[in-house]
Amino acid sequence: MDPPKRPGSSTQWALRIPLVNAVKRLVFLTKRWGRRQIFDKFKGGKDKLSSDRAIDKISTAKILLLGAADSGKSTILKQMRMKYNVSFSSSEIEAYRRLAFDNVIQGMRLLLASLPSLGLNLPDALRPAEELLNAATDLCHDAPFPADFSDAITALWNHSTVQEARRRGREIALQENLPYLYTNLSRFFSPSFIPSHRDILHLHERTVGTTETRLIVNGIDTLVVDVGGAISERRKWIDAFADLTVIIYTVSLTGYSRFLVEDPCRNQMQDSLLIWDSICNAGWFRRIPIILCFTKNDLFEQEIQHYVANWFPDFQATPGDAAARRDFFLFEEEIQHSDVANWFRGFQAAPGDTAAGRDYFINRFLALVKIGRRVLDEDLYIRVITATDADAETMKEVLDLAEGMYCRVGCTSKQGCNTEVINGPNGLR
Ligand SMILES: Nc1nc2c(ncn2[C@@H]2O[C@H](COP(=O)(O)OP(=O)(O)OP(=O)(O)O)[C@@H](O)[C@H]2O)c(=O)[nH]1
Ligand SMILES: [Mg+2]
């Protein structure tokens, strides 16, 4: 029996298939071109908020801080409070002082607890210091840091075994603020210690649930919502999705070599890419501008130097000595891959090339954006920042950008900014 006849002649079909393929290719190229445009604008410093951006007159705004755990959401919230002169109340400062003690103790406890799994042994001479630490309790209200802990922690921190564990901190999801805390230890243990803004930016407490902070910026009532990034917290995010004006999505640049606290098999950067995939293309956020904010640039740059020395003990240059690093690698012919490439196979650049590393991750995130479906390119902004540096221009830019998204209309002077906190950071006890 003859096969059923298709409508149209066979010549028409022969033409139609290449035509469909050509259209598909065109769509693919257009999307790739769209992503390239966003990247090029960012690299050329041209992705500023356009002055003719049409914004309806609004009286309220809502900024949502989204991202995986430890990616710097709460740190950006603290920066916002500082920018808009929301002073920290005395009870908040006291809570941060006690949090500093907690961070100092918990960090060292984690280091000591991880020694056996890292194949390291603490010398017997340091056992009393370890016992003292294990017996530590929370700091009481207004009580100074107990003086005997200072010597114990200093002795532990300076010991080569503990330093080795610190260098391998990514294997044990070690908090990244320890070098800052322990270099400032003598100041923390002074009886008159009051945490400075810089200290507050470096302190860490996991956000549980959602915190809401209200800012009145140029007459616009602005709600800043900060969510917890841990896996168990993410199911609560949906409550914060209504009526958004801007999303700031944070990604920790150091996450490429680190694992999640809750899941030692899941890479932080991969986890962040997964969340981003669902956020950036979600119908909910179709018309919501997003600032894709890569944090911890300072640590990213330092880390690559440390890794070189970790893996190659004969590399003897001061951290940051890029020329020495380059020369070293020129002679290490067997090294075909860079630090980033150890974790992300698609990365191909010279070892220790931080600029290439940053661009690589930016492009990985951009590759997930479905151009045309989600955004016009003016709805997506990319920034690389050190969130703990209040003076950095890039940090200021992120805050200005977020403000500019909704504050353009009727915004004449910045002096009208006024602020009030509804629910402070949940870290305050
Ligand atoms: N050096 C440095 N530290 C940073 C930077 N951004 C954040 N941190 C530190 O990283 C730690 C975690 O930052 P948070 O802002 O608490 O992270 P988060 O995203 O709110 O984390 P969760 O509340 O658990 O979701 C804190 O100790 C911060 O000081 C950065 O750009 N540079
Ligand atoms: Mg937080």
# chains A, B, ... in the order shown; residues from 1 in each chain; ligands from 1

$ closest_atom_pairs --of "chain A" --to "ligand 1" --cutoff "7 Å" --atoms "only C-alpha atoms and all ligand atoms" --output "JSON lines"
{"residue": "A:Gly67", "atom": "CA", "partner": "ligand 1", "partner_atom_place_in_ligand_line": "19 (O)", "distance": 6.3}
{"residue": "A:Ala68", "atom": "CA", "partner": "ligand 1", "partner_atom_place_in_ligand_line": "25 (O)", "distance": 5.8}
{"residue": "A:Ala69", "atom": "CA", "partner": "ligand 1", "partner_atom_place_in_ligand_line": "25 (O)", "distance": 3.5}
{"residue": "A:Asp70", "atom": "CA", "partner": "ligand 1", "partner_atom_place_in_ligand_line": "17 (O)", "distance": 3.5}
{"residue": "A:Ser71", "atom": "CA", "partner": "ligand 1", "partner_atom_place_in_ligand_line": "19 (O)", "distance": 3.9}
{"residue": "A:Gly72", "atom": "CA", "partner": "ligand 1", "partner_atom_place_in_ligand_line": "15 (O)", "distance": 3.2}
{"residue": "A:Lys73", "atom": "CA", "partner": "ligand 1", "partner_atom_place_in_ligand_line": "19 (O)", "distance": 3.9}
{"residue": "A:Ser74", "atom": "CA", "partner": "ligand 1", "partner_atom_place_in_ligand_line": "15 (O)", "distance": 3.7}
{"residue": "A:Thr75", "atom": "CA", "partner": "ligand 1", "partner_atom_place_in_ligand_line": "15 (O)", "distance": 3.7}
{"residue": "A:Ile76", "atom": "CA", "partner": "ligand 1", "partner_atom_place_in_ligand_line": "15 (O)", "distance": 6.5}
{"residue": "A:Gln175", "atom": "CA", "partner": "ligand 1", "partner_atom_place_in_ligand_line": "27 (O)", "distance": 6.8}
{"residue": "A:Glu176", "atom": "CA", "partner": "ligand 1", "partner_atom_place_in_ligand_line": "10 (O)", "distance": 6.1}
{"residue": "A:Asn177", "atom": "CA", "partner": "ligand 1", "partner_atom_place_in_ligand_line": "27 (O)", "distance": 5.0}
{"residue": "A:Leu201", "atom": "CA", "partner": "ligand 1", "partner_atom_place_in_ligand_line": "29 (O)", "distance": 5.1}
{"residue": "A:His202", "atom": "CA", "partner": "ligand 1", "partner_atom_place_in_ligand_line": "29 (O)", "distance": 3.3}
{"residue": "A:Leu203", "atom": "CA", "partner": "ligand 1", "partner_atom_place_in_ligand_line": "27 (O)", "distance": 4.7}
{"residue": "A:His204", "atom": "CA", "partner": "ligand 1", "partner_atom_place_in_ligand_line": "27 (O)", "distance": 4.0}
{"residue": "A:Glu205", "atom": "CA", "partner": "ligand 1", "partner_atom_place_in_ligand_line": "16 (O)", "distance": 5.6}
{"residue": "A:Arg206", "atom": "CA", "partner": "ligand 1", "partner_atom_place_in_ligand_line": "24 (O)", "distance": 3.8}
{"residue": "A:Thr207", "atom": "CA", "partner": "ligand 1", "partner_atom_place_in_ligand_line": "23 (O)", "distance": 3.6}
{"residue": "A:Val208", "atom": "CA", "partner": "ligand 1", "partner_atom_place_in_ligand_line": "23 (O)", "distance": 6.9}
{"residue": "A:Val227", "atom": "CA", "partner": "ligand 1", "partner_atom_place_in_ligand_line": "25 (O)", "distance": 6.4}
{"residue": "A:Gly228", "atom": "CA", "partner": "ligand 1", "partner_atom_place_in_ligand_line": "25 (O)", "distance": 3.9}
{"residue": "A:Gly229", "atom": "CA", "partner": "ligand 1", "partner_atom_place_in_ligand_line": "25 (O)", "distance": 3.3}
{"residue": "A:Ala230", "atom": "CA", "partner": "ligand 1", "partner_atom_place_in_ligand_line": "25 (O)", "distance": 5.6}
{"residue": "A:Thr295", "atom": "CA", "partner": "ligand 1", "partner_atom_place_in_ligand_line": "31 (O)", "distance": 4.4}
{"residue": "A:Lys296", "atom": "CA", "partner": "ligand 1", "partner_atom_place_in_ligand_line": "31 (O)", "distance": 3.1}
{"residue": "A:Asn297", "atom": "CA", "partner": "ligand 1", "partner_atom_place_in_ligand_line": "31 (O)", "distance": 5.7}
{"residue": "A:Asp298", "atom": "CA", "partner": "ligand 1", "partner_atom_place_in_ligand_line": "32 (N)", "distance": 5.7}
{"residue": "A:Leu299", "atom": "CA", "partner": "ligand 1", "partner_atom_place_in_ligand_line": "1 (N)", "distance": 5.5}
{"residue": "A:Ile385", "atom": "CA", "partner": "ligand 1", "partner_atom_place_in_ligand_line": "31 (O)", "distance": 5.9}
{"residue": "A:Thr386", "atom": "CA", "partner": "ligand 1", "partner_atom_place_in_ligand_line": "31 (O)", "distance": 3.3}
{"residue": "A:Ala387", "atom": "CA", "partner": "ligand 1", "partner_atom_place_in_ligand_line": "31 (O)", "distance": 3.7}
{"residue": "A:Thr388", "atom": "CA", "partner": "ligand 1", "partner_atom_place_in_ligand_line": "30 (C)", "distance": 4.9}

$ residues_around --residues "region 108-111 of chain A" --least-positions-apart "5" --cutoff "12 Å" --atoms "only C-alpha atoms" --output "JSON, numbers by chain"
{"A": [101, 102, 103, 116, 117, 118, 120, 121, 122, 129, 130, 131, 132, 133, 134, 135, 136, 149, 150, 152, 153, 154, 155, 156, 157, 158, 159, 161, 162, 163, 164, 165, 166, 167, 168, 169, 170, 171, 172, 173, 174, 175, 176, 177, 178, 179, 181, 182, 261]}

$ closest_residue --among "A:Ile290, A:Ile362, A:Ala282, A:Met405" --to "Leu253 (chain A)" --atoms "only C-alpha atoms"
A:Ile362

$ residues_around --residues "Ile291 (chain A)" --least-positions-apart "6" --cutoff "7 Å" --atoms "only C-alpha atoms" --output "list in words"
Ile247, Ile248, Tyr249, Leu380, Tyr381 and Ile382 of chain A

$ closest_residue --among "A:Val225, A:Leu19, A:Val217, A:Ala125" --to "ligand 2" --atoms "only C-alpha atoms and all ligand atoms"
A:Val225

$ atom_distance --atom1 "CA of Thr210 (chain A)" --atom2 "CA of Ser232 (chain A)"
12.6 Å

$ select_by_dssp --residues "region 75-257 of chain A" --states "strand (DSSP E or B)" --output "VMD selection string"
chain A and resid 210 to 217 220 to 227 246 to 252

$ write_last_selection --atoms "N, CA and C atoms" --output "compact mmCIF listing (two decimals), in the first residue's frame"
# COMPACT_ATOMS: atom_id res chain seq x y z
N THR A 210 12.61 35.64 57.57
CA THR A 210 12.72 36.85 56.74
C THR A 210 12.83 38.06 57.64
N THR A 211 13.71 38.98 57.31
CA THR A 211 13.72 40.23 58.07
C THR A 211 13.26 41.36 57.16
N GLU A 212 12.55 42.29 57.73
CA GLU A 212 12.05 43.42 56.94
C GLU A 212 12.55 44.72 57.55
N THR A 213 13.14 45.55 56.73
CA THR A 213 13.67 46.82 57.20
C THR A 213 13.03 47.93 56.36
N ARG A 214 12.49 48.91 57.03
CA ARG A 214 11.81 49.97 56.28
C ARG A 214 12.70 51.20 56.18
N LEU A 215 12.84 51.70 54.97
CA LEU A 215 13.61 52.92 54.74
C LEU A 215 12.70 53.91 54.03
N ILE A 216 12.76 55.16 54.42
CA ILE A 216 12.04 56.18 53.65
C ILE A 216 13.09 56.92 52.83
N VAL A 217 13.10 56.65 51.54
CA VAL A 217 14.13 57.22 50.68
C VAL A 217 13.49 58.25 49.76
N ILE A 220 9.91 58.02 49.44
CA ILE A 220 9.34 56.74 49.02
C ILE A 220 9.57 55.70 50.12
N ASP A 221 8.47 55.14 50.52
CA ASP A 221 8.48 54.16 51.60
C ASP A 221 9.06 52.86 51.04
N THR A 222 10.27 52.48 51.49
CA THR A 222 10.98 51.35 50.89
C THR A 222 11.14 50.21 51.89
N LEU A 223 10.68 49.07 51.49
CA LEU A 223 10.80 47.90 52.36
C LEU A 223 11.93 47.03 51.81
N VAL A 224 12.94 46.75 52.66
CA VAL A 224 14.03 45.88 52.21
C VAL A 224 13.85 44.53 52.89
N VAL A 225 13.71 43.50 52.08
CA VAL A 225 13.45 42.16 52.64
C VAL A 225 14.70 41.31 52.46
N ASP A 226 15.17 40.76 53.57
CA ASP A 226 16.35 39.89 53.56
C ASP A 226 15.90 38.49 53.96
N VAL A 227 16.28 37.50 53.18
CA VAL A 227 15.84 36.13 53.48
C VAL A 227 17.04 35.27 53.85
N VAL A 246 12.59 45.77 42.98
CA VAL A 246 13.93 45.40 42.54
C VAL A 246 14.36 44.13 43.27
N ILE A 247 15.12 43.28 42.58
CA ILE A 247 15.74 42.13 43.25
C ILE A 247 17.25 42.34 43.21
N ILE A 248 17.90 42.15 44.35
CA ILE A 248 19.37 42.10 44.34
C ILE A 248 19.73 40.63 44.58
N TYR A 249 20.30 39.99 43.57
CA TYR A 249 20.66 38.57 43.70
C TYR A 249 22.16 38.47 43.96
N THR A 250 22.53 37.91 45.10
CA THR A 250 23.95 37.87 45.47
C THR A 250 24.56 36.49 45.21
N VAL A 251 25.80 36.53 44.72
CA VAL A 251 26.55 35.30 44.45
C VAL A 251 27.94 35.47 45.07
N SER A 252 28.36 34.53 45.89
CA SER A 252 29.70 34.62 46.47
C SER A 252 30.72 34.09 45.46

$ closest_residue --among "A:Asp391, A:Gly209, A:Phe39, A:Asp47" --to "ligand 2" --atoms "only C-alpha atoms and all ligand atoms"
A:Gly209

$ decode --residues "region 239-264 of chain A" --atoms "N, CA and C atoms" --output "PDB file, in the first residue's frame"
ATOM      1  N   ASP A 239       6.931  33.768  50.276  1.00  0.00           N
ATOM      2  CA  ASP A 239       6.149  34.779  50.999  1.00  0.00           C
ATOM      3  C   ASP A 239       6.637  36.197  50.687  1.00  0.00           C
ATOM      4  N   ALA A 240       7.884  36.307  50.213  1.00  0.00           N
ATOM      5  CA  ALA A 240       8.453  37.642  49.994  1.00  0.00           C
ATOM      6  C   ALA A 240       8.340  38.095  48.542  1.00  0.00           C
ATOM      7  N   PHE A 241       7.715  37.265  47.673  1.00  0.00           N
ATOM      8  CA  PHE A 241       7.765  37.552  46.236  1.00  0.00           C
ATOM      9  C   PHE A 241       6.747  38.580  45.729  1.00  0.00           C
ATOM     10  N   ALA A 242       5.786  38.939  46.549  1.00  0.00           N
ATOM     11  CA  ALA A 242       4.729  39.828  46.037  1.00  0.00           C
ATOM     12  C   ALA A 242       5.209  41.279  45.963  1.00  0.00           C
ATOM     13  N   ASP A 243       4.721  42.001  44.973  1.00  0.00           N
ATOM     14  CA  ASP A 243       4.895  43.460  44.845  1.00  0.00           C
ATOM     15  C   ASP A 243       6.351  43.926  44.865  1.00  0.00           C
ATOM     16  N   LEU A 244       7.208  43.231  44.154  1.00  0.00           N
ATOM     17  CA  LEU A 244       8.630  43.614  44.186  1.00  0.00           C
ATOM     18  C   LEU A 244       8.915  44.786  43.243  1.00  0.00           C
ATOM     19  N   THR A 245       9.886  45.599  43.640  1.00  0.00           N
ATOM     20  CA  THR A 245      10.335  46.685  42.759  1.00  0.00           C
ATOM     21  C   THR A 245      11.696  46.324  42.159  1.00  0.00           C
ATOM     22  N   VAL A 246      12.586  45.767  42.980  1.00  0.00           N
ATOM     23  CA  VAL A 246      13.926  45.400  42.535  1.00  0.00           C
ATOM     24  C   VAL A 246      14.357  44.128  43.270  1.00  0.00           C
ATOM     25  N   ILE A 247      15.115  43.278  42.577  1.00  0.00           N
ATOM     26  CA  ILE A 247      15.739  42.133  43.254  1.00  0.00           C
ATOM     27  C   ILE A 247      17.251  42.342  43.211  1.00  0.00           C
ATOM     28  N   ILE A 248      17.902  42.152  44.351  1.00  0.00           N
ATOM     29  CA  ILE A 248      19.369  42.095  44.344  1.00  0.00           C
ATOM     30  C   ILE A 248      19.728  40.634  44.585  1.00  0.00           C
ATOM     31  N   TYR A 249      20.304  39.992  43.568  1.00  0.00           N
ATOM     32  CA  TYR A 249      20.656  38.573  43.701  1.00  0.00           C
ATOM     33  C   TYR A 249      22.157  38.467  43.957  1.00  0.00           C
ATOM     34  N   THR A 250      22.530  37.905  45.099  1.00  0.00           N
ATOM     35  CA  THR A 250      23.948  37.872  45.471  1.00  0.00           C
ATOM     36  C   THR A 250      24.559  36.488  45.207  1.00  0.00           C
ATOM     37  N   VAL A 251      25.799  36.526  44.719  1.00  0.00           N
ATOM     38  CA  VAL A 251      26.555  35.296  44.450  1.00  0.00           C
ATOM     39  C   VAL A 251      27.937  35.468  45.069  1.00  0.00           C
ATOM     40  N   SER A 252      28.360  34.525  45.891  1.00  0.00           N
ATOM     41  CA  SER A 252      29.703  34.621  46.467  1.00  0.00           C
ATOM     42  C   SER A 252      30.718  34.094  45.460  1.00  0.00           C
ATOM     43  N   LEU A 253      31.679  34.957  45.091  1.00  0.00           N
ATOM     44  CA  LEU A 253      32.686  34.539  44.103  1.00  0.00           C
ATOM     45  C   LEU A 253      33.561  33.401  44.624  1.00  0.00           C
ATOM     46  N   THR A 254      33.702  33.315  45.954  1.00  0.00           N
ATOM     47  CA  THR A 254      34.562  32.257  46.496  1.00  0.00           C
ATOM     48  C   THR A 254      33.832  30.915  46.543  1.00  0.00           C
ATOM     49  N   GLY A 255      32.546  30.936  46.216  1.00  0.00           N
ATOM     50  CA  GLY A 255      31.744  29.711  46.302  1.00  0.00           C
ATOM     51  C   GLY A 255      32.194  28.621  45.346  1.00  0.00           C
ATOM     52  N   TYR A 256      33.000  28.970  44.339  1.00  0.00           N
ATOM     53  CA  TYR A 256      33.384  27.963  43.347  1.00  0.00           C
ATOM     54  C   TYR A 256      34.179  26.809  43.968  1.00  0.00           C
ATOM     55  N   SER A 257      34.840  27.086  45.103  1.00  0.00           N
ATOM     56  CA  SER A 257      35.677  26.031  45.697  1.00  0.00           C
ATOM     57  C   SER A 257      35.151  25.591  47.055  1.00  0.00           C
ATOM     58  N   ARG A 258      33.928  26.002  47.369  1.00  0.00           N
ATOM     59  CA  ARG A 258      33.411  25.703  48.708  1.00  0.00           C
ATOM     60  C   ARG A 258      32.125  24.884  48.620  1.00  0.00           C
ATOM     61  N   PHE A 259      31.835  24.230  49.735  1.00  0.00           N
ATOM     62  CA  PHE A 259      30.632  23.397  49.771  1.00  0.00           C
ATOM     63  C   PHE A 259      29.615  23.979  50.740  1.00  0.00           C
ATOM     64  N   LEU A 260      28.377  23.538  50.579  1.00  0.00           N
ATOM     65  CA  LEU A 260      27.323  24.044  51.464  1.00  0.00           C
ATOM     66  C   LEU A 260      27.498  23.457  52.862  1.00  0.00           C
ATOM     67  N   VAL A 261      27.155  24.253  53.858  1.00  0.00           N
ATOM     68  CA  VAL A 261      27.241  23.762  55.236  1.00  0.00           C
ATOM     69  C   VAL A 261      26.309  22.566  55.404  1.00  0.00           C
ATOM     70  N   GLU A 262      25.109  22.663  54.810  1.00  0.00           N
ATOM     71  CA  GLU A 262      24.107  21.604  55.018  1.00  0.00           C
ATOM     72  C   GLU A 262      24.381  20.380  54.158  1.00  0.00           C
ATOM     73  N   ASP A 263      25.143  20.544  53.090  1.00  0.00           N
ATOM     74  CA  ASP A 263      25.373  19.416  52.200  1.00  0.00           C
ATOM     75  C   ASP A 263      26.819  19.460  51.706  1.00  0.00           C
ATOM     76  N   PRO A 264      27.691  18.681  52.347  1.00  0.00           N
ATOM     77  CA  PRO A 264      29.118  18.755  52.001  1.00  0.00           C
ATOM     78  C   PRO A 264      29.442  18.243  50.602  1.00  0.00           C
TER      79      PRO A 264
END
